[in-house]
$ cat work_17.txt   # compact mmCIF, C-alpha atoms and all ligand atoms
# COMPACT_ATOMS: atom_id res chain seq x y z
CA MET A 1 -23.09 -4.18 23.50
CA SER A 2 -22.10 -5.30 20.04
CA ARG A 3 -20.67 -8.70 19.18
CA SER A 4 -17.56 -6.90 17.86
CA HIS A 5 -17.05 -5.49 21.36
CA ASP A 6 -17.22 -8.98 22.93
CA LEU A 7 -14.99 -10.46 20.25
CA PHE A 8 -12.42 -7.71 20.82
CA ALA A 9 -12.42 -8.39 24.56
CA ALA A 10 -11.87 -12.11 23.88
CA ALA A 11 -9.18 -11.41 21.29
CA GLN A 12 -7.11 -9.44 23.79
CA ARG A 13 -6.63 -12.52 25.99
CA HIS A 14 -4.06 -14.11 23.73
CA ILE A 15 -3.38 -11.64 20.92
CA PRO A 16 -1.30 -8.52 21.72
CA GLY A 17 -3.77 -5.63 21.52
CA GLY A 18 -6.37 -8.06 20.17
CA VAL A 19 -5.10 -7.71 16.60
CA ASN A 20 -2.57 -9.26 14.27
CA SER A 21 -1.59 -5.92 12.72
CA PRO A 22 -1.60 -2.71 14.80
CA VAL A 23 -3.76 -0.29 12.74
CA ARG A 24 -6.68 -2.71 12.99
CA ALA A 25 -7.01 -1.87 16.70
CA PHE A 26 -8.58 1.58 15.97
CA ARG A 27 -6.05 3.34 18.23
CA GLY A 28 -5.81 6.10 15.62
CA VAL A 29 -9.55 6.89 15.86
CA GLY A 30 -10.61 5.52 19.26
CA GLY A 31 -13.34 3.00 20.02
CA ASP A 32 -13.54 -0.74 19.39
CA PRO A 33 -12.52 -2.22 16.06
CA VAL A 34 -15.23 -3.72 13.89
CA PHE A 35 -14.86 -7.50 13.53
CA PHE A 36 -15.76 -8.67 10.05
CA GLU A 37 -17.56 -11.88 9.25
CA SER A 38 -17.81 -11.77 5.46
CA ALA A 39 -17.50 -9.49 2.46
CA ALA A 40 -18.78 -9.40 -1.12
CA GLY A 41 -18.33 -6.82 -3.87
CA PRO A 42 -18.03 -3.33 -2.31
CA TYR A 43 -19.50 -4.46 1.01
CA ALA A 44 -18.05 -5.86 4.21
CA VAL A 45 -20.38 -7.34 6.84
CA ASP A 46 -19.50 -7.24 10.53
CA ALA A 47 -20.05 -9.81 13.27
CA ASP A 48 -23.39 -8.16 14.15
CA GLY A 49 -24.65 -8.41 10.58
CA GLN A 50 -24.17 -4.69 9.87
CA ARG A 51 -23.16 -3.99 6.25
CA TYR A 52 -20.63 -1.30 5.28
CA ILE A 53 -19.50 0.16 1.97
CA ASP A 54 -15.82 -0.66 2.27
CA TYR A 55 -13.06 1.75 1.18
CA VAL A 56 -10.24 -0.22 2.79
CA GLY A 57 -10.45 -3.31 0.60
CA SER A 58 -8.10 -5.30 2.87
CA TRP A 59 -5.69 -2.32 2.59
CA GLY A 60 -5.60 -2.43 -1.18
CA PRO A 61 -5.72 -5.94 -2.60
CA MET A 62 -9.46 -6.14 -3.27
CA ILE A 63 -9.46 -4.04 -6.44
CA LEU A 64 -12.08 -6.36 -7.98
CA GLY A 65 -14.28 -6.10 -4.91
CA HIS A 66 -14.54 -8.80 -2.26
CA ALA A 67 -15.15 -12.48 -3.04
CA HIS A 68 -15.06 -11.99 -6.81
CA PRO A 69 -16.70 -15.15 -8.23
CA GLU A 70 -14.00 -15.76 -10.86
CA VAL A 71 -11.16 -15.37 -8.35
CA LEU A 72 -12.91 -17.73 -5.92
CA ALA A 73 -13.46 -20.26 -8.74
CA ALA A 74 -9.76 -20.13 -9.68
CA VAL A 75 -8.82 -20.80 -6.05
CA ARG A 76 -11.34 -23.66 -5.74
CA GLU A 77 -10.02 -25.29 -8.88
CA ARG A 78 -6.51 -25.39 -7.41
CA LEU A 79 -7.52 -26.48 -3.91
CA ASP A 80 -8.06 -30.16 -4.66
CA LYS A 81 -4.60 -30.44 -6.21
CA GLY A 82 -2.86 -29.70 -2.91
CA LEU A 83 -2.00 -26.62 -0.89
CA SER A 84 1.78 -26.40 -1.17
CA PHE A 85 4.63 -28.42 -2.63
CA GLY A 86 7.85 -26.51 -1.95
CA ALA A 87 8.82 -27.42 -5.50
CA PRO A 88 8.41 -25.46 -8.73
CA THR A 89 5.00 -25.28 -10.42
CA GLU A 90 4.06 -24.06 -13.89
CA LEU A 91 1.81 -21.44 -12.30
CA GLU A 92 4.88 -19.58 -11.01
CA THR A 93 6.28 -19.26 -14.54
CA ILE A 94 2.93 -18.03 -15.84
CA MET A 95 2.86 -15.49 -13.02
CA ALA A 96 6.45 -14.34 -13.65
CA ASP A 97 5.77 -13.95 -17.40
CA LYS A 98 2.60 -11.97 -16.70
CA VAL A 99 4.23 -9.65 -14.15
CA CYS A 100 7.20 -8.95 -16.43
CA GLU A 101 4.78 -8.22 -19.28
CA LEU A 102 2.75 -5.75 -17.19
CA VAL A 103 5.42 -3.96 -15.15
CA PRO A 104 7.54 -1.84 -17.53
CA SER A 105 10.92 -2.14 -15.75
CA MET A 106 10.88 -5.86 -14.91
CA ASP A 107 13.08 -8.42 -16.66
CA MET A 108 12.94 -10.96 -13.82
CA VAL A 109 10.85 -11.38 -10.72
CA ARG A 110 10.83 -13.50 -7.57
CA MET A 111 7.69 -14.25 -5.57
CA VAL A 112 7.53 -13.91 -1.78
CA SER A 113 4.65 -13.98 0.71
CA SER A 114 4.29 -10.35 1.85
CA GLY A 115 5.15 -6.78 0.93
CA THR A 116 7.62 -6.65 3.82
CA GLU A 117 9.55 -9.58 2.41
CA ALA A 118 9.56 -7.93 -1.01
CA THR A 119 11.08 -4.62 0.15
CA MET A 120 13.44 -6.30 2.61
CA SER A 121 14.76 -8.59 -0.13
CA ALA A 122 15.05 -5.76 -2.67
CA LEU A 123 17.09 -3.84 -0.13
CA ARG A 124 19.48 -6.72 0.48
CA LEU A 125 19.85 -7.18 -3.25
CA ALA A 126 20.62 -3.48 -3.77
CA ARG A 127 23.22 -3.59 -0.99
CA GLY A 128 24.76 -6.81 -2.27
CA TYR A 129 24.83 -5.56 -5.85
CA THR A 130 26.45 -2.19 -5.07
CA GLY A 131 28.61 -3.33 -2.16
CA ARG A 132 27.36 -0.27 -0.23
CA ASP A 133 25.46 -0.20 3.08
CA LYS A 134 23.67 3.15 3.35
CA ILE A 135 20.14 3.58 2.06
CA VAL A 136 17.89 6.58 1.46
CA LYS A 137 14.19 6.54 2.29
CA PHE A 138 11.61 9.28 2.81
CA GLU A 139 9.86 10.49 5.92
CA GLY A 140 6.33 9.08 6.20
CA CYS A 141 6.91 6.33 3.63
CA TYR A 142 6.23 2.85 4.98
CA HIS A 143 7.94 -0.11 3.40
CA GLY A 144 6.93 -2.88 5.77
CA HIS A 145 8.54 -3.65 9.10
CA ALA A 146 12.05 -4.86 8.23
CA ASP A 147 14.62 -3.31 10.59
CA SER A 148 16.38 -1.06 8.07
CA LEU A 149 13.08 0.36 6.87
CA LEU A 150 11.38 0.97 10.20
CA VAL A 151 12.96 4.36 10.60
CA LYS A 152 10.65 7.38 10.40
CA ALA A 153 8.05 5.09 8.84
CA GLY A 154 4.42 5.86 8.05
CA SER A 155 1.22 3.82 8.50
CA GLY A 156 0.74 2.24 11.96
CA ALA A 157 4.17 3.41 13.12
CA LEU A 158 3.17 6.97 12.30
CA THR A 159 -0.28 6.66 13.87
CA PHE A 160 1.30 5.66 17.16
CA GLY A 161 3.89 8.40 17.09
CA GLU A 162 6.67 5.80 16.95
CA PRO A 163 8.56 6.79 13.84
CA SER A 164 11.23 4.26 14.69
CA SER A 165 10.72 1.21 16.85
CA PRO A 166 12.61 -0.09 19.88
CA GLY A 167 14.33 -3.28 18.79
CA VAL A 168 15.77 -1.77 15.64
CA PRO A 169 19.53 -1.70 16.37
CA ALA A 170 20.89 1.85 16.40
CA ALA A 171 23.87 0.69 14.37
CA LEU A 172 21.53 -0.45 11.60
CA ALA A 173 19.21 2.56 11.78
CA GLU A 174 22.27 4.79 11.30
CA LEU A 175 22.60 3.38 7.82
CA THR A 176 19.10 4.58 6.92
CA ILE A 177 19.05 8.20 5.80
CA THR A 178 15.57 9.68 5.93
CA LEU A 179 14.81 12.68 3.70
CA ARG A 180 11.70 14.80 3.02
CA TYR A 181 9.29 13.39 0.45
CA ASN A 182 9.05 15.55 -2.67
CA ASP A 183 12.23 17.47 -1.75
CA LEU A 184 14.65 16.78 -4.58
CA ALA A 185 17.10 19.48 -3.50
CA GLN A 186 17.67 17.60 -0.24
CA VAL A 187 18.29 14.37 -2.17
CA ARG A 188 20.83 16.12 -4.39
CA GLU A 189 22.64 17.63 -1.40
CA THR A 190 22.83 14.27 0.36
CA PHE A 191 24.26 12.53 -2.68
CA ALA A 192 26.73 15.36 -3.27
CA ASP A 193 28.02 14.64 0.27
CA ILE A 194 28.06 10.84 0.47
CA GLY A 195 26.63 9.56 -2.85
CA SER A 196 29.36 6.93 -3.29
CA GLU A 197 28.29 5.24 -0.01
CA ILE A 198 24.59 4.95 -0.85
CA ALA A 199 23.31 1.61 -2.13
CA CYS A 200 19.81 2.70 -3.05
CA ILE A 201 16.91 5.06 -2.82
CA ILE A 202 13.68 3.33 -1.85
CA VAL A 203 10.50 5.32 -2.40
CA GLU A 204 6.75 4.89 -2.58
CA PRO A 205 6.22 6.48 -6.02
CA VAL A 206 2.86 7.64 -4.69
CA ALA A 207 3.07 7.78 -0.90
CA GLY A 208 0.17 5.83 0.59
CA ASN A 209 1.15 5.51 4.23
CA MET A 210 0.95 9.15 5.28
CA ASN A 211 -2.49 9.31 3.67
CA CYS A 212 -2.16 9.62 -0.15
CA ILE A 213 0.52 11.95 -1.50
CA PRO A 214 1.45 11.85 -5.18
CA PRO A 215 4.95 12.86 -6.31
CA LEU A 216 5.37 16.47 -7.40
CA PRO A 217 6.30 16.88 -11.09
CA GLY A 218 10.01 16.13 -11.50
CA PHE A 219 10.50 14.32 -8.18
CA LEU A 220 10.64 10.76 -9.52
CA GLU A 221 12.56 11.90 -12.62
CA GLY A 222 15.09 13.57 -10.31
CA LEU A 223 15.52 10.41 -8.22
CA ARG A 224 16.21 8.47 -11.42
CA GLU A 225 18.86 11.00 -12.48
CA VAL A 226 20.57 11.05 -9.09
CA CYS A 227 20.72 7.23 -8.93
CA ASP A 228 22.19 7.09 -12.44
CA GLN A 229 24.77 9.73 -11.60
CA TYR A 230 25.98 8.02 -8.41
CA GLY A 231 25.53 4.34 -9.36
CA ALA A 232 22.81 3.78 -6.74
CA VAL A 233 19.87 1.43 -7.25
CA LEU A 234 16.44 3.06 -7.55
CA ILE A 235 13.78 0.92 -5.83
CA PHE A 236 10.11 1.73 -6.30
CA ASP A 237 8.05 0.24 -3.51
CA GLU A 238 4.91 -0.45 -5.50
CA VAL A 239 3.39 -2.78 -2.91
CA MET A 240 0.44 -0.39 -2.75
CA THR A 241 0.62 1.41 -6.10
CA GLY A 242 1.34 -1.66 -8.26
CA PHE A 243 -1.77 -2.57 -10.33
CA ARG A 244 -3.62 0.11 -8.30
CA VAL A 245 -2.59 3.44 -9.80
CA ALA A 246 -2.52 1.92 -13.30
CA LEU A 247 -2.00 -1.51 -14.85
CA GLY A 248 1.72 -0.75 -15.13
CA GLY A 249 1.78 0.69 -11.59
CA ALA A 250 3.08 4.16 -10.76
CA GLN A 251 6.10 3.56 -13.01
CA GLY A 252 3.76 3.09 -15.95
CA TYR A 253 1.60 6.04 -14.90
CA TYR A 254 4.51 8.48 -14.51
CA GLY A 255 6.79 6.91 -17.12
CA ILE A 256 9.85 6.39 -14.88
CA LYS A 257 11.74 3.08 -14.81
CA PRO A 258 13.22 2.02 -11.45
CA ASP A 259 15.97 -0.61 -11.26
CA LEU A 260 14.01 -2.76 -8.79
CA THR A 261 10.33 -2.86 -7.86
CA ALA A 262 8.59 -4.35 -4.82
CA LEU A 263 5.02 -5.60 -5.27
CA GLY A 264 2.31 -6.92 -2.94
CA LYS A 265 -1.40 -6.50 -2.24
CA VAL A 266 -3.24 -6.65 -5.65
CA ILE A 267 -0.76 -9.18 -7.06
CA GLY A 268 -2.12 -11.78 -4.62
CA GLY A 269 -5.81 -10.98 -5.11
CA GLY A 270 -6.30 -11.17 -1.32
CA MET A 271 -3.90 -14.06 -0.64
CA PRO A 272 -0.51 -13.53 1.09
CA VAL A 273 1.74 -12.62 -1.85
CA GLY A 274 4.56 -10.21 -2.58
CA ALA A 275 7.18 -10.02 -5.31
CA PHE A 276 10.32 -8.14 -6.18
CA GLY A 277 11.99 -7.83 -9.52
CA GLY A 278 13.72 -5.61 -12.01
CA LYS A 279 16.78 -5.45 -14.22
CA GLN A 280 18.27 -8.77 -15.23
CA GLU A 281 21.76 -7.57 -14.37
CA ILE A 282 20.71 -7.04 -10.74
CA MET A 283 18.25 -9.91 -10.37
CA SER A 284 20.78 -12.43 -11.66
CA ARG A 285 22.90 -11.74 -8.57
CA LEU A 286 20.20 -13.48 -6.55
CA SER A 287 20.67 -17.03 -5.24
CA PRO A 288 20.90 -19.64 -6.85
CA LEU A 289 22.28 -17.67 -9.86
CA GLY A 290 24.39 -15.40 -7.67
CA PRO A 291 25.59 -15.06 -4.08
CA ILE A 292 22.84 -12.86 -2.60
CA TYR A 293 20.56 -15.06 -0.52
CA GLN A 294 16.79 -14.99 -0.37
CA ALA A 295 14.27 -17.83 0.04
CA GLY A 296 10.78 -18.84 1.23
CA THR A 297 9.01 -22.11 2.15
CA LEU A 298 5.67 -20.88 0.81
CA SER A 299 6.96 -18.54 -1.93
CA GLY A 300 4.99 -18.96 -5.15
CA ASN A 301 2.29 -20.90 -3.31
CA PRO A 302 -0.08 -22.39 -5.91
CA ILE A 303 -3.33 -21.23 -4.29
CA ALA A 304 -1.97 -17.70 -3.94
CA MET A 305 -0.72 -17.77 -7.54
CA ALA A 306 -4.16 -18.88 -8.76
CA ALA A 307 -5.89 -15.98 -6.98
CA GLY A 308 -3.27 -13.49 -8.15
CA LEU A 309 -3.22 -14.63 -11.76
CA LYS A 310 -6.99 -14.46 -12.11
CA THR A 311 -6.92 -10.98 -10.56
CA LEU A 312 -4.22 -9.81 -12.99
CA GLU A 313 -6.21 -11.25 -15.89
CA LEU A 314 -9.39 -9.41 -14.91
CA ILE A 315 -7.73 -6.06 -14.26
CA SER A 316 -6.06 -6.26 -17.68
CA ALA A 317 -9.46 -5.74 -19.35
CA PRO A 318 -9.42 -2.66 -21.62
CA GLY A 319 -10.78 0.44 -19.89
CA PHE A 320 -10.52 -1.04 -16.37
CA TYR A 321 -8.36 1.78 -14.95
CA ASP A 322 -10.28 4.59 -16.67
CA GLU A 323 -13.43 3.25 -15.06
CA LEU A 324 -11.76 2.82 -11.66
CA SER A 325 -10.17 6.26 -11.54
CA GLY A 326 -13.42 7.80 -12.80
CA LYS A 327 -15.14 6.38 -9.72
CA VAL A 328 -12.47 7.81 -7.42
CA MET A 329 -12.73 11.20 -9.13
CA THR A 330 -16.52 11.29 -8.65
CA LEU A 331 -16.05 10.40 -4.99
CA MET A 332 -13.35 13.04 -4.42
CA ASN A 333 -15.22 15.83 -6.24
CA GLY A 334 -18.36 14.96 -4.31
CA LEU A 335 -16.58 14.94 -0.94
CA ARG A 336 -14.98 18.33 -1.58
CA GLU A 337 -18.32 19.82 -2.67
CA ARG A 338 -20.12 18.54 0.40
CA ALA A 339 -17.35 19.63 2.77
CA ALA A 340 -17.38 23.10 1.20
CA ALA A 341 -21.17 23.29 1.54
CA ALA A 342 -20.81 22.53 5.27
CA GLY A 343 -17.89 24.95 5.67
CA VAL A 344 -15.35 22.22 6.55
CA PRO A 345 -11.88 22.74 4.99
CA LEU A 346 -11.01 19.59 3.01
CA THR A 347 -8.32 18.74 0.46
CA THR A 348 -8.21 15.53 -1.55
CA ASN A 349 -5.49 13.70 -3.47
CA GLN A 350 -5.91 10.93 -6.03
CA ALA A 351 -3.72 8.61 -8.03
CA GLY A 352 -5.70 6.16 -10.16
CA GLY A 353 -7.63 3.84 -7.83
CA MET A 354 -6.32 5.29 -4.55
CA PHE A 355 -7.21 8.48 -2.72
CA GLY A 356 -6.54 10.64 0.33
CA ILE A 357 -8.74 13.07 2.23
CA PHE A 358 -7.15 15.74 4.43
CA PHE A 359 -8.87 18.06 6.88
CA THR A 360 -7.00 21.18 5.80
CA ALA A 361 -7.39 23.90 3.19
CA GLN A 362 -3.76 23.48 2.00
CA GLN A 363 -2.32 21.21 -0.66
CA VAL A 364 -0.55 18.29 1.07
CA THR A 365 2.77 17.19 -0.43
CA ASN A 366 4.80 15.79 2.47
CA TYR A 367 4.78 14.25 5.95
CA GLU A 368 4.90 17.53 7.89
CA GLN A 369 1.84 18.81 6.10
CA ALA A 370 0.02 15.48 6.47
CA THR A 371 0.58 15.41 10.23
CA ALA A 372 -0.47 19.07 10.57
CA CYS A 373 -4.04 18.31 9.37
CA ASN A 374 -6.96 18.40 11.78
CA GLN A 375 -6.88 14.94 13.40
CA GLU A 376 -9.94 15.56 15.57
CA GLN A 377 -12.07 16.31 12.53
CA PHE A 378 -10.76 13.17 10.85
CA LYS A 379 -11.73 11.04 13.87
CA ALA A 380 -15.21 12.58 13.96
CA PHE A 381 -15.56 12.00 10.22
CA PHE A 382 -14.42 8.38 10.52
CA HIS A 383 -16.92 7.57 13.27
CA GLY A 384 -19.74 9.53 11.60
CA MET A 385 -19.23 7.57 8.39
CA LEU A 386 -18.97 4.26 10.25
CA GLU A 387 -22.31 4.92 11.98
CA ARG A 388 -23.79 5.61 8.55
CA GLY A 389 -22.51 2.36 7.05
CA VAL A 390 -19.26 3.50 5.39
CA TYR A 391 -16.00 1.84 6.41
CA LEU A 392 -12.92 4.05 5.95
CA ALA A 393 -9.35 3.33 7.05
CA PRO A 394 -9.22 3.81 10.84
CA SER A 395 -6.31 6.24 10.65
CA ALA A 396 -5.68 9.67 9.13
CA PHE A 397 -2.41 8.33 7.68
CA GLU A 398 -3.72 5.72 5.29
CA ALA A 399 -4.80 5.94 1.68
CA GLY A 400 -8.31 4.87 0.69
CA PHE A 401 -9.18 2.37 -2.03
CA VAL A 402 -12.10 2.03 -4.41
CA SER A 403 -12.93 -1.26 -6.15
CA ILE A 404 -14.41 -1.80 -9.58
CA MET A 405 -17.58 -3.03 -7.79
CA HIS A 406 -18.27 0.39 -6.26
CA THR A 407 -21.12 1.65 -8.46
CA ALA A 408 -22.55 5.16 -8.84
CA GLU A 409 -25.17 4.22 -6.21
CA HIS A 410 -22.54 3.20 -3.65
CA ILE A 411 -20.67 6.43 -4.25
CA GLN A 412 -23.88 8.46 -3.97
CA ALA A 413 -24.74 6.71 -0.68
CA THR A 414 -21.22 7.52 0.56
CA LEU A 415 -21.63 11.18 -0.38
CA ASP A 416 -25.03 11.37 1.35
CA ALA A 417 -23.43 9.96 4.51
CA ALA A 418 -20.56 12.45 4.15
CA ALA A 419 -22.92 15.43 3.78
CA GLU A 420 -24.61 14.51 7.08
CA THR A 421 -21.27 13.89 8.80
CA PHE A 422 -19.69 17.16 7.60
CA ALA A 423 -22.76 19.01 8.93
CA VAL A 424 -22.24 17.42 12.36
CA ILE A 425 -18.51 18.28 12.31
CA ALA A 426 -19.24 21.90 11.36
CA ALA A 427 -21.91 22.33 14.08
N1 LIG B 1 5.23 -1.26 1.24
C1 LIG B 1 4.13 -0.50 1.19
C2 LIG B 1 4.12 0.72 0.31
C3 LIG B 1 3.00 -0.83 1.94
O1 LIG B 1 1.91 -0.06 1.88
C4 LIG B 1 3.05 -2.00 2.75
C5 LIG B 1 1.89 -2.38 3.57
O2 LIG B 1 0.94 -1.68 3.74
C6 LIG B 1 4.21 -2.76 2.76
C7 LIG B 1 5.29 -2.37 2.00
C8 LIG B 1 4.30 -4.00 3.60
O3 LIG B 1 3.49 -4.99 3.05
P1 LIG B 1 2.96 -6.19 3.98
O4 LIG B 1 2.00 -5.58 4.95
O5 LIG B 1 2.29 -7.13 3.00
O6 LIG B 1 4.14 -6.80 4.61

$ encode --input "work_17.txt" --output "structure tokens" --more "lines below"
Ligand code: PLP
Amino acid sequence: MSRSHDLFAAAQRHIPGGVNSPVRAFRGVGGDPVFFESAAGPYAVDADGQRYIDYVGSWGPMILGHAHPEVLAAVRERLDKGLSFGAPTELETIMADKVCELVPSMDMVRMVSSGTEATMSALRLARGYTGRDKIVKFEGCYHGHADSLLVKAGSGALTFGEPSSPGVPAALAELTITLRYNDLAQVRETFADIGSEIACIIVEPVAGNMNCIPPLPGFLEGLREVCDQYGAVLIFDEVMTGFRVALGGAQGYYGIKPDLTALGKVIGGGMPVGAFGGKQEIMSRLSPLGPIYQAGTLSGNPIAMAAGLKTLELISAPGFYDELSGKVMTLMNGLRERAAAAGVPLTTNQAGGMFGIFFTAQQVTNYEQATACNQEQFKAFFHGMLERGVYLAPSAFEAGFVSIMHTAEHIQATLDAAAETFAVIAA
């Protein structure tokens, strides 16, 4: 038996399900989760010393690869100065200036400690600003686990077939209107009915929690128009897509400006960080400038800021995103070719540095289509790749991530493993 197996057994004594976040438990693919011991560059190493080419990257943050020497050095330099003050530091201003420079729609930004806090706070701000309670989200989009947003959510909630969770008050869930992703006509109809009651639309501008589903042409533009027409706030949840799809996030990539943006993952370089920001007119309603309350003991933590700032500096290098998306394109083209050679129907999606693979011959543009893909083939593919030293997200409803440290050789090794695995699946 592997050490991971023993560690998982021990973990279940005092940790619900043995994990601190549900998807890690491998329920979506079966079997025991792999316990990691260390990671460097494109590799993660498990508790038995087995090395994997990692396409999860801590669910997105590790865009520079694991344990990047310059990020670690920036963290070490801060460590001796103290871990947390609960008072302002210059680093937070440098971070705010940098984020507002990089993210096209941001005049002001506030740091928090997770993506969930970022979306939850953006939502409260949108409601407080408009004086309206109803919100619009899309089926299969995951925005963290705040009550209002855990309605028909993606990611772990989707994997477990629990689109909404017990514990979310029905009275609150009623205020969340869930529409089909990429269906602008449905958005228009809803707003024609009750547009004056809707505080905001919150959307993943590229959906990454029902696998990876980019917006159809005109979808994001249409959301912008509808929000302008009805005085609703447009929130882009760029926790995953921010600094991942492009340096300016999905809003830079598609050229659409939301009113508010939620950030997480890459912005913290692997430390617990989130942020939300946007138009000055809205952000200045936030406490202490305005009446809408939001706070955090560890918000803007100096160690986290150091890791995040160094990450933002390194990803700002000219050509970084061309190189990153080139790697993803090579991987996707190669996977489709090898699947076709084995006679396994496979579709892929890509947006910059993130990707999705679907066991279907159809194009996948929404939740219904994502859940209709062949789950059994995905599970077999996941385990076949794991056995061959490639670590993919342990769920068919998660996007994959490539880092700048994944070289042509790593991608070739991944494709060789995929060719063998597709052959097994087809047999
Ligand atoms: N929003 C999106 C789009 C996400 O993908 C996630 C997490 O995966 C979140 C919000 C929640 O972020 P966190 O897990 O840091 O709370």

$ atom_distance --input "work_17.txt" --atom1 "atom CA of A:Leu263" --atom2 "atom CA of A:Ala126"
15.8 Å

$ atom_distance --input "work_17.txt" --atom1 "atom CA of A:Gln377" --atom2 "atom CA of A:Phe359"
6.7 Å

$ closest_residue --input "work_17.txt" --among "A:Thr407, A:Val19, A:Ile267, A:Arg27" --to "A:Leu7" --atoms "all atoms listed in the file"
A:Val19

$ residues_near_ligand --input "work_17.txt" --ligand "ligand LIG 1 (chain B)" --cutoff "10 Å" --atoms "all atoms listed in the file" --output "ChimeraX atom specification"
/A:21,58-61,112-120,141-146,149,154-156,203-210,236-242,262-265,268,271-274,398-399

$ closest_residue --input "work_17.txt" --among "A:Asp6, A:Asp259, A:Glu409, A:Glu323" --to "A:Val103" --atoms "only C-alpha atoms"
A:Asp259

$ residues_around --input "work_17.txt" --residues "A:Asp97" --least-positions-apart "3" --cutoff "10 Å" --atoms "only C-alpha atoms" --output "list in words"
Leu91, Glu92, Thr93, Ile94, Cys100, Glu101, Leu102, Met106, Asp107, Met108 and Val109 of chain A

$ write_last_selection --input "work_17.txt" --atoms "C-alpha atoms" --output "short mmCIF file (atom, residue, chain, number, x, y, z; two decimals), keeping the file's coordinate frame"
data_model
loop_
_atom_site.label_atom_id
_atom_site.label_comp_id
_atom_site.auth_asym_id
_atom_site.auth_seq_id
_atom_site.Cartn_x
_atom_site.Cartn_y
_atom_site.Cartn_z
CA LEU A 91 1.81 -21.44 -12.30
CA GLU A 92 4.88 -19.58 -11.01
CA THR A 93 6.28 -19.26 -14.54
CA ILE A 94 2.93 -18.03 -15.84
CA CYS A 100 7.20 -8.95 -16.43
CA GLU A 101 4.78 -8.22 -19.28
CA LEU A 102 2.75 -5.75 -17.19
CA MET A 106 10.88 -5.86 -14.91
CA ASP A 107 13.08 -8.42 -16.66
CA MET A 108 12.94 -10.96 -13.82
CA VAL A 109 10.85 -11.38 -10.72
#

$ atom_distance --input "work_17.txt" --atom1 "atom CA of A:Gly140" --atom2 "atom CA of A:Gly400"
16.2 Å

$ closest_residue --input "work_17.txt" --among "A:Ser284, A:Gln12, A:Gln369, A:Gln350" --to "A:Gly326" --atoms "all atoms listed in the file"
A:Gln350
